[in-house]
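The structure file input14.txt is reproduced below (compact mmCIF, C-alpha atoms and all ligand atoms).
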# COMPACT_ATOMS: atom_id res chain seq x y z
CA MET A 1 -166.00 76.63 97.03
CA SER A 2 -166.11 74.07 99.84
CA ARG A 3 -162.87 72.27 100.71
CA GLU A 4 -163.23 69.03 102.63
CA LEU A 5 -160.43 67.08 104.24
CA PRO A 6 -159.25 64.12 102.14
CA PRO A 7 -160.95 60.91 103.37
CA ALA A 8 -157.59 59.40 104.44
CA LEU A 9 -156.83 62.39 106.68
CA ARG A 10 -160.37 62.44 108.07
CA ALA A 11 -160.02 58.73 108.89
CA ALA A 12 -156.61 59.25 110.50
CA ILE A 13 -158.01 62.02 112.73
CA ASP A 14 -160.96 59.78 113.63
CA ARG A 15 -158.52 57.03 114.65
CA GLU A 16 -156.72 59.50 116.93
CA LEU A 17 -160.05 60.50 118.45
CA ALA A 18 -161.01 56.95 119.39
CA GLY A 19 -161.40 56.74 123.15
CA VAL A 20 -160.77 60.44 123.74
CA SER A 21 -163.39 62.14 125.91
CA ARG A 22 -165.32 64.64 123.75
CA ARG A 23 -165.92 66.78 126.81
CA ASP A 24 -162.22 67.00 127.55
CA LEU A 25 -161.54 67.73 123.89
CA ALA A 26 -164.15 70.51 123.84
CA GLN A 27 -162.49 72.06 126.92
CA ARG A 28 -159.07 71.85 125.34
CA THR A 29 -160.37 73.28 122.09
CA ALA A 30 -161.90 76.22 123.96
CA ALA A 31 -158.62 76.79 125.83
CA THR A 32 -156.38 76.56 122.74
CA THR A 33 -158.74 78.77 120.73
CA ALA A 34 -158.74 81.35 123.52
CA THR A 35 -154.92 81.29 123.58
CA TYR A 36 -154.66 81.79 119.80
CA ARG A 37 -157.36 84.49 119.82
CA GLY A 38 -155.55 86.30 122.60
CA GLY A 39 -152.46 86.50 120.40
CA GLY A 40 -150.75 83.48 121.99
CA ALA A 41 -148.69 81.10 119.86
CA SER A 42 -148.60 77.32 119.54
CA ALA A 43 -145.72 77.15 122.02
CA THR A 44 -148.23 78.19 124.70
CA ALA A 45 -151.37 76.61 123.27
CA ILE A 46 -150.00 73.15 122.45
CA GLN A 47 -148.61 71.48 125.56
CA GLY A 48 -149.14 67.84 124.67
CA ARG A 49 -150.82 65.18 122.55
CA ASP A 50 -154.40 66.14 123.40
CA ASP A 51 -153.85 69.84 122.67
CA ALA A 52 -152.39 68.90 119.28
CA LEU A 53 -155.42 66.70 118.67
CA ALA A 54 -157.77 69.54 119.64
CA TYR A 55 -156.01 71.70 117.01
CA ALA A 56 -156.34 68.94 114.40
CA LEU A 57 -160.04 68.77 115.09
CA ALA A 58 -160.85 72.46 115.40
CA ARG A 59 -158.30 74.37 113.29
CA LEU A 60 -156.66 71.98 110.83
CA PRO A 61 -159.80 71.69 108.61
CA ALA A 62 -159.80 75.48 108.19
CA THR A 63 -156.06 75.95 107.59
CA TYR A 64 -156.19 72.97 105.19
CA ALA A 65 -159.10 74.54 103.27
CA ALA A 66 -157.36 77.92 103.02
CA THR A 67 -154.14 76.31 101.84
CA CYS A 68 -156.07 74.29 99.21
CA GLU A 69 -157.49 77.57 97.86
CA VAL A 70 -154.00 79.05 97.64
CA PHE A 71 -152.58 76.00 95.88
CA ALA A 72 -155.50 75.96 93.43
CA GLU A 73 -154.54 79.52 92.53
CA ALA A 74 -150.88 78.49 92.14
CA GLN A 75 -151.98 75.71 89.78
CA ARG A 76 -154.08 78.15 87.76
CA MET A 77 -151.32 80.74 87.54
CA ALA A 78 -148.43 78.32 86.92
CA PRO A 79 -150.00 75.32 85.17
CA GLY A 80 -146.62 73.85 84.20
CA PHE A 81 -145.27 73.86 87.77
CA ALA A 82 -144.87 70.27 89.00
CA PRO A 83 -142.84 70.39 92.21
CA ALA A 84 -140.90 67.31 93.31
CA SER A 85 -139.94 68.70 96.72
CA LEU A 86 -141.82 70.52 99.47
CA LEU A 87 -140.62 72.36 102.55
CA ASP A 88 -143.51 72.91 104.98
CA ALA A 89 -142.14 75.43 107.48
CA GLY A 90 -144.11 75.59 110.73
CA SER A 91 -145.95 72.51 109.53
CA GLY A 92 -147.91 71.84 112.71
CA PRO A 93 -149.86 68.58 112.25
CA GLY A 94 -149.13 68.66 108.51
CA GLY A 95 -152.44 69.81 107.01
CA GLY A 96 -150.67 72.08 104.50
CA SER A 97 -148.62 69.15 103.21
CA TRP A 98 -151.79 67.12 102.71
CA ALA A 99 -153.14 70.03 100.66
CA ALA A 100 -149.90 70.20 98.66
CA LEU A 101 -149.98 66.50 97.86
CA GLU A 102 -153.61 66.77 96.72
CA ALA A 103 -152.60 69.58 94.34
CA TRP A 104 -149.31 68.05 93.15
CA PRO A 105 -149.12 64.26 93.39
CA SER A 106 -145.66 64.79 91.77
CA LEU A 107 -144.25 65.64 95.22
CA ARG A 108 -141.66 63.12 96.38
CA ASP A 109 -139.40 64.81 98.95
CA ILE A 110 -141.40 66.37 101.77
CA ARG A 111 -139.88 68.04 104.81
CA TRP A 112 -141.63 69.35 107.90
CA LEU A 113 -139.90 71.87 110.11
CA ASP A 114 -141.54 72.76 113.39
CA ALA A 115 -140.60 73.72 116.93
CA SER A 116 -143.40 71.68 118.51
CA PRO A 117 -142.80 67.98 119.30
CA PRO A 118 -146.52 67.26 119.96
CA PHE A 119 -147.40 68.69 116.53
CA LEU A 120 -144.61 66.79 114.74
CA ASP A 121 -145.61 63.55 116.51
CA LEU A 122 -149.23 64.02 115.49
CA ALA A 123 -148.21 64.85 111.91
CA ARG A 124 -146.29 61.56 111.78
CA ARG A 125 -149.17 59.55 113.24
CA LEU A 126 -151.70 61.08 110.85
CA ALA A 127 -149.42 60.26 107.91
CA THR A 128 -148.91 56.61 108.87
CA GLY A 129 -149.92 54.34 106.01
CA ASN A 130 -150.60 57.34 103.76
CA PRO A 131 -148.52 58.92 100.99
CA LEU A 132 -147.13 61.48 103.44
CA ASP A 133 -145.55 58.62 105.39
CA ARG A 134 -142.32 59.40 103.58
CA ALA A 135 -142.15 62.99 104.91
CA GLU A 136 -139.13 63.87 107.02
CA ALA A 137 -140.09 65.61 110.27
CA ARG A 138 -137.45 67.81 111.84
CA ARG A 139 -137.64 69.81 115.03
CA ALA A 140 -136.31 73.26 114.17
CA ASP A 141 -136.56 76.91 115.08
CA LEU A 142 -137.59 78.86 111.98
CA THR A 143 -135.84 81.97 113.26
CA ALA A 144 -132.50 80.15 112.82
CA GLY A 145 -132.97 80.20 109.00
CA GLY A 146 -130.78 78.08 106.71
CA PHE A 147 -133.64 75.97 105.35
CA PRO A 148 -133.12 73.06 102.95
CA PRO A 149 -134.09 74.06 99.39
CA ALA A 150 -137.34 72.87 97.82
CA ASP A 151 -139.35 73.46 94.65
CA LEU A 152 -142.35 74.47 96.74
CA VAL A 153 -141.99 76.23 100.08
CA LEU A 154 -145.00 76.72 102.34
CA ALA A 155 -145.49 78.65 105.56
CA SER A 156 -149.15 78.52 106.54
CA TYR A 157 -150.35 80.37 109.63
CA ALA A 158 -146.73 80.29 110.79
CA LEU A 159 -145.28 83.78 110.18
CA ALA A 160 -147.91 85.02 112.63
CA GLU A 161 -146.09 83.15 115.39
CA ILE A 162 -142.65 84.54 114.63
CA PRO A 163 -141.69 87.57 116.77
CA PRO A 164 -142.26 90.66 114.54
CA PRO A 165 -138.60 91.79 114.43
CA LYS A 166 -137.60 88.36 113.08
CA GLN A 167 -140.38 88.01 110.48
CA PRO A 168 -138.38 89.68 107.63
CA LEU A 169 -135.42 87.35 108.30
CA VAL A 170 -137.65 84.27 108.23
CA ALA A 171 -139.46 85.44 105.07
CA ASP A 172 -136.09 86.04 103.40
CA ALA A 173 -134.77 82.62 104.47
CA LEU A 174 -137.93 80.97 103.09
CA TRP A 175 -137.39 82.74 99.76
CA GLN A 176 -133.72 81.70 99.68
CA ALA A 177 -134.90 78.09 100.03
CA THR A 178 -137.48 78.44 97.24
CA ALA A 179 -136.47 76.93 93.91
CA GLY A 180 -139.92 77.44 92.35
CA VAL A 181 -142.88 78.82 94.28
CA LEU A 182 -143.25 80.23 97.80
CA ALA A 183 -146.72 80.14 99.36
CA LEU A 184 -147.40 82.25 102.46
CA VAL A 185 -150.80 81.83 104.09
CA GLU A 186 -151.90 83.92 107.07
CA PRO A 187 -155.08 84.54 109.04
CA GLY A 188 -157.34 86.92 107.10
CA THR A 189 -156.90 89.71 109.62
CA PRO A 190 -155.45 93.21 109.15
CA ALA A 191 -152.33 91.99 110.98
CA GLY A 192 -151.99 88.96 108.66
CA TYR A 193 -152.36 91.26 105.66
CA ARG A 194 -149.71 93.67 106.98
CA ARG A 195 -147.25 90.81 107.50
CA LEU A 196 -147.77 89.70 103.91
CA LEU A 197 -147.43 93.26 102.59
CA ALA A 198 -144.02 93.54 104.25
CA ALA A 199 -142.98 90.17 102.81
CA ARG A 200 -144.33 91.20 99.37
CA ASP A 201 -142.17 94.34 99.26
CA ALA A 202 -139.08 92.35 100.19
CA LEU A 203 -139.85 89.57 97.71
CA ILE A 204 -140.38 91.99 94.81
CA ALA A 205 -137.11 93.72 95.72
CA ALA A 206 -135.43 90.29 95.64
CA GLY A 207 -136.68 89.67 92.07
CA ALA A 208 -139.70 87.45 92.79
CA THR A 209 -142.73 87.37 90.52
CA ILE A 210 -145.92 87.79 92.56
CA LEU A 211 -148.32 85.22 91.09
CA ALA A 212 -151.28 86.06 93.31
CA PRO A 213 -153.39 87.58 94.68
CA CYS A 214 -152.04 90.86 93.25
CA PRO A 215 -152.43 91.40 89.48
CA HIS A 216 -149.44 93.81 89.56
CA HIS A 217 -146.19 94.62 91.33
CA ALA A 218 -147.25 98.16 92.26
CA ALA A 219 -148.10 99.28 95.78
CA CYS A 220 -151.25 97.70 97.22
CA PRO A 221 -154.12 100.11 96.49
CA LEU A 222 -156.19 99.07 99.53
CA VAL A 223 -156.37 101.68 102.24
CA ALA A 224 -157.07 101.01 105.96
CA PRO A 225 -159.50 100.07 107.39
CA ASP A 226 -159.72 97.88 104.25
CA TRP A 227 -157.37 94.93 103.88
CA CYS A 228 -156.80 92.17 101.32
CA HIS A 229 -158.26 88.86 102.44
CA PHE A 230 -160.45 86.05 101.17
CA SER A 231 -162.85 83.44 102.50
CA VAL A 232 -163.32 79.71 102.10
CA ARG A 233 -166.28 77.66 103.31
CA LEU A 234 -165.62 74.28 104.89
CA PRO A 235 -167.94 71.65 106.26
CA ARG A 236 -167.84 70.85 109.98
CA SER A 237 -167.94 67.22 111.03
CA ARG A 238 -170.04 66.24 114.06
CA ASP A 239 -166.92 66.07 116.25
CA HIS A 240 -165.75 69.41 114.89
CA ARG A 241 -169.12 70.94 115.86
CA LEU A 242 -169.05 69.32 119.28
CA ALA A 243 -165.49 70.44 119.93
CA LYS A 244 -166.36 74.02 119.02
CA GLY A 245 -169.80 74.03 120.59
CA ALA A 246 -171.07 75.15 117.18
CA GLU A 247 -174.49 74.56 115.63
CA VAL A 248 -174.00 75.28 111.94
CA PRO A 249 -172.54 72.49 109.80
CA PHE A 250 -170.01 74.75 108.08
CA GLU A 251 -167.65 77.60 108.81
CA ASP A 252 -166.12 80.40 106.76
CA GLU A 253 -162.38 80.73 107.18
CA LYS A 254 -160.92 84.13 106.36
CA PHE A 255 -157.37 84.03 105.10
CA ALA A 256 -154.74 86.16 103.39
CA TYR A 257 -152.01 84.85 101.11
CA LEU A 258 -149.13 85.53 98.81
CA LEU A 259 -147.74 83.38 96.01
CA ALA A 260 -144.25 84.32 94.83
CA ALA A 261 -142.35 82.56 92.06
CA ARG A 262 -138.82 82.45 90.74
CA PRO A 263 -138.64 84.22 87.36
CA HIS A 264 -138.14 80.96 85.40
CA ILE A 265 -141.60 79.67 86.46
CA ALA A 266 -143.90 80.24 83.47
CA ALA A 267 -146.93 82.21 84.66
CA GLU A 268 -150.29 83.06 83.16
CA ALA A 269 -151.07 86.71 82.48
CA ARG A 270 -152.32 88.49 85.59
CA THR A 271 -155.87 89.77 85.39
CA PRO A 272 -158.05 91.84 87.77
CA ARG A 273 -159.10 90.08 90.96
CA VAL A 274 -162.40 90.31 92.83
CA VAL A 275 -161.36 91.50 96.31
CA ALA A 276 -164.72 91.57 98.09
CA ARG A 277 -167.92 89.55 98.01
CA PRO A 278 -169.83 90.62 94.86
CA ARG A 279 -173.01 92.58 95.62
CA VAL A 280 -175.92 91.36 93.56
CA GLY A 281 -178.88 93.74 93.18
CA LYS A 282 -181.84 94.02 90.88
CA PRO A 283 -180.17 96.29 88.32
CA GLY A 284 -176.89 94.31 88.24
CA ILE A 285 -173.75 93.21 90.07
CA ASP A 286 -171.20 95.40 91.83
CA LEU A 287 -167.66 94.08 91.76
CA LYS A 288 -164.72 95.45 93.67
CA LEU A 289 -161.65 94.69 91.55
CA CYS A 290 -157.93 95.01 92.15
CA THR A 291 -156.45 95.86 88.74
CA ALA A 292 -153.07 96.85 87.31
CA ASP A 293 -154.32 100.46 87.49
CA GLY A 294 -155.54 100.33 91.08
CA LEU A 295 -158.88 99.60 92.70
CA GLU A 296 -161.96 99.65 90.52
CA GLN A 297 -165.65 99.44 91.46
CA ARG A 298 -167.20 97.85 88.39
CA PHE A 299 -170.97 97.74 87.90
CA VAL A 300 -172.21 95.08 85.47
CA PRO A 301 -175.84 95.78 84.50
CA ARG A 302 -178.26 92.89 84.17
CA ARG A 303 -179.28 94.15 80.77
CA ASP A 304 -175.72 93.59 79.42
CA LYS A 305 -176.43 89.89 79.09
CA PRO A 306 -172.96 88.56 78.01
CA ALA A 307 -171.08 90.59 80.65
CA TYR A 308 -173.68 89.75 83.31
CA ALA A 309 -173.41 86.03 82.52
CA VAL A 310 -169.67 86.25 83.24
CA ALA A 311 -170.03 88.44 86.34
CA ARG A 312 -172.68 86.31 88.05
CA ARG A 313 -170.32 83.34 88.09
CA LEU A 314 -167.60 85.31 89.86
CA ASP A 315 -166.95 84.95 93.55
CA TRP A 316 -164.73 86.77 96.02
CA GLY A 317 -161.12 85.88 95.19
CA ASP A 318 -161.75 84.97 91.55
CA VAL A 319 -160.03 86.69 88.66
CA TYR A 320 -162.01 88.69 86.14
CA PRO A 321 -161.48 87.25 82.67
CA THR A 322 -160.08 89.91 80.34
CA ALA A 323 -161.39 88.69 76.98
C1 LIG A 401 -150.88 78.03 113.91
S1 LIG A 401 -149.77 76.72 113.67
C2 LIG A 401 -149.96 76.40 111.92
C3 LIG A 401 -149.69 74.97 111.60
C4 LIG A 401 -149.92 74.58 110.15
N1 LIG A 401 -148.95 75.20 109.28
C5 LIG A 401 -151.32 74.89 109.71
O1 LIG A 401 -151.48 75.67 108.76
O2 LIG A 401 -152.26 74.34 110.30
C6 LIG A 401 -148.20 77.53 113.71
C7 LIG A 401 -147.06 76.54 113.65
O3 LIG A 401 -145.82 77.24 113.61
C8 LIG A 401 -144.92 76.61 114.51
N2 LIG A 401 -143.92 77.61 114.94
C9 LIG A 401 -144.15 78.79 115.54
N3 LIG A 401 -142.98 79.43 115.78
C10 LIG A 401 -142.01 78.62 115.33
C11 LIG A 401 -140.59 78.71 115.29
N4 LIG A 401 -139.94 79.79 115.76
N5 LIG A 401 -139.90 77.69 114.76
C12 LIG A 401 -140.54 76.59 114.28
N6 LIG A 401 -141.88 76.45 114.28
C13 LIG A 401 -142.59 77.45 114.81
C14 LIG A 401 -145.78 76.14 115.63
O4 LIG A 401 -145.17 75.13 116.42
C15 LIG A 401 -147.01 75.64 114.87
O5 LIG A 401 -146.85 74.32 114.45
Please lay out the structure from this file as structure tokens.
Amino acid sequence: MSRELPPALRAAIDRELAGVSRRDLAQRTAATTATYRGGGASATAIQGRDDALAYALARLPATYAATCEVFAEAQRMAPGFAPASLLDAGSGPGGGSWAALEAWPSLRDIRWLDASPPFLDLARRLATGNPLDRAEARRADLTAGGFPPADLVLASYALAEIPPPKQPLVADALWQATAGVLALVEPGTPAGYRRLLAARDALIAAGATILAPCPHHAACPLVAPDWCHFSVRLPRSRDHRLAKGAEVPFEDEKFAYLLAARPHIAAEARTPRVVARPRVGKPGIDLKLCTADGLEQRFVPRRDKPAYAVARRLDWGDVYPTA
């Protein structure tokens, strides 16, 4: 599924871009991307307003799209969940909060915590005149913990920037602040997956219900070099293409995620999940499924018309209907 930025956010980014040299922006985008790819964090990559803007142009559409996918899954798994408050920890320019508000217009109290003044300033400017205008932006170090409680707590692409020894403390503090659902979104890399696995173990031990992506609370059945991750396709605007020096009008963002809920949140039954792109051949479709009994490679033959009709609609990340 393709996830586009909401028109109001697109327009707000365009306003920020007015008068900014595209050449300079492309250079900054290349430099910030190189810093992130080299394992650097926002504290190094984002030195001022234009760096933050380069991130909003080049990375925000992808992190927004991934977070939309995760929230769509939260809505499917917990259809009665209607959060009134959101804590967006490591909010950056606020894309995750835009995704949250799209999913749950019920949100009233929105808090951004971030260490980066240029990101928080940009988040505020992008929100001006929009529903997120009411968000409270606070400069904070996530490693200090003690977060204000919220129905929905989000950390998207943020745990990755916390020094590894402190990640369990931050994950625990995020869970302590969660009154309803905690959403962790990470890059879809083996390292992102490993961070989430560690958080998953701790969350289960703390009594959380894992809503997704796992259809069980048992150990993850994937074995290295395999890892659990998903993909979302997003369109690239002209400026996005220019900034990235890219030709194709879309990109595929790989992400990993975890949705954990407090036990009182009513959840749908968990069913097997498609954990790789389905392989369609002449005789049928091959699906790699994560199930309550472990990994399963299921072949659905074309000649089994009812089962095939179901299987051909499934995509990577979807759940396999049980009935
Ligand atoms: C890659 S950005 C992700 C931003 C946004 N959540 C998104 O999905 O686009 C990581 C964010 O985490 C913030 N961050 C990293 N370490 C932090 C810390 N110790 N305390 C507060 N914020 C931190 C950075 O300033 C940055 O805004």
Q. Taking all atoms listed in the file into account, which residues are within 7 Å of ligand LIG 401 (chain A), as a count of residues only?
A. 30
Q: Can you work out which one of A:Asp304, A:Asp151, A:Asp293, A:Asp239 has the shortest atom-to-atom distance to His264 in chain A, counting all atoms listed in the file?
A: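 Selected residue with least distance to His264 in chain A: A:Asp151.
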Q: Please work out which residues fall within 9 Å of (-173.1, 73.2, 108.2), coordinates as given in the file, with all atoms listed in the file counting, and return them as a list in words.
A: Leu234, Pro235, Arg236, Ser237, Arg241, Glu247, Val248, Pro249, Phe250 and Glu251 of chain A
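If you look at CA of Leu184 in chain A and CA of Asp88 in chain A, they are 10.4 Å away from each other.
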**Q.** Top pick for closest residue to Gly129 in chain A, considering A:Ala173, A:Ala276, A:Ala8, A:Ala292 and counting only C-alpha atoms
**A.**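 Selected residue with least distance to Gly129 in chain A: A:Ala8.
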Q | Selected residue, from A:Pro272, A:Pro278, A:Pro263, A:Pro6, that lies nearest to Asn130 in chain A when counting all atoms listed in the file | A | A:Pro6
**Q.** Separation of CA of Gln297 in chain A from CA of Asp315 in chain A, in Å and rounded to one decimal
**A.** 14.7 Å
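Across A:Ala66, A:Ala144, A:Ala160, A:Cys228, the tightest approach to Arg37 in chain A is made by A:Ala160 when counting all atoms listed in the file.
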Q. When distances are computed from all atoms listed in the file, which of A:Lys166, A:Arg200, A:Lys244, A:Arg111 shows the smallest separation from Ala58 in chain A?
A.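 For Ala58 in chain A, the nearest of the candidates is A:Lys244.
CA of Ala198 in chain A is found 24.7 Å from CA of Ala266 in chain A.
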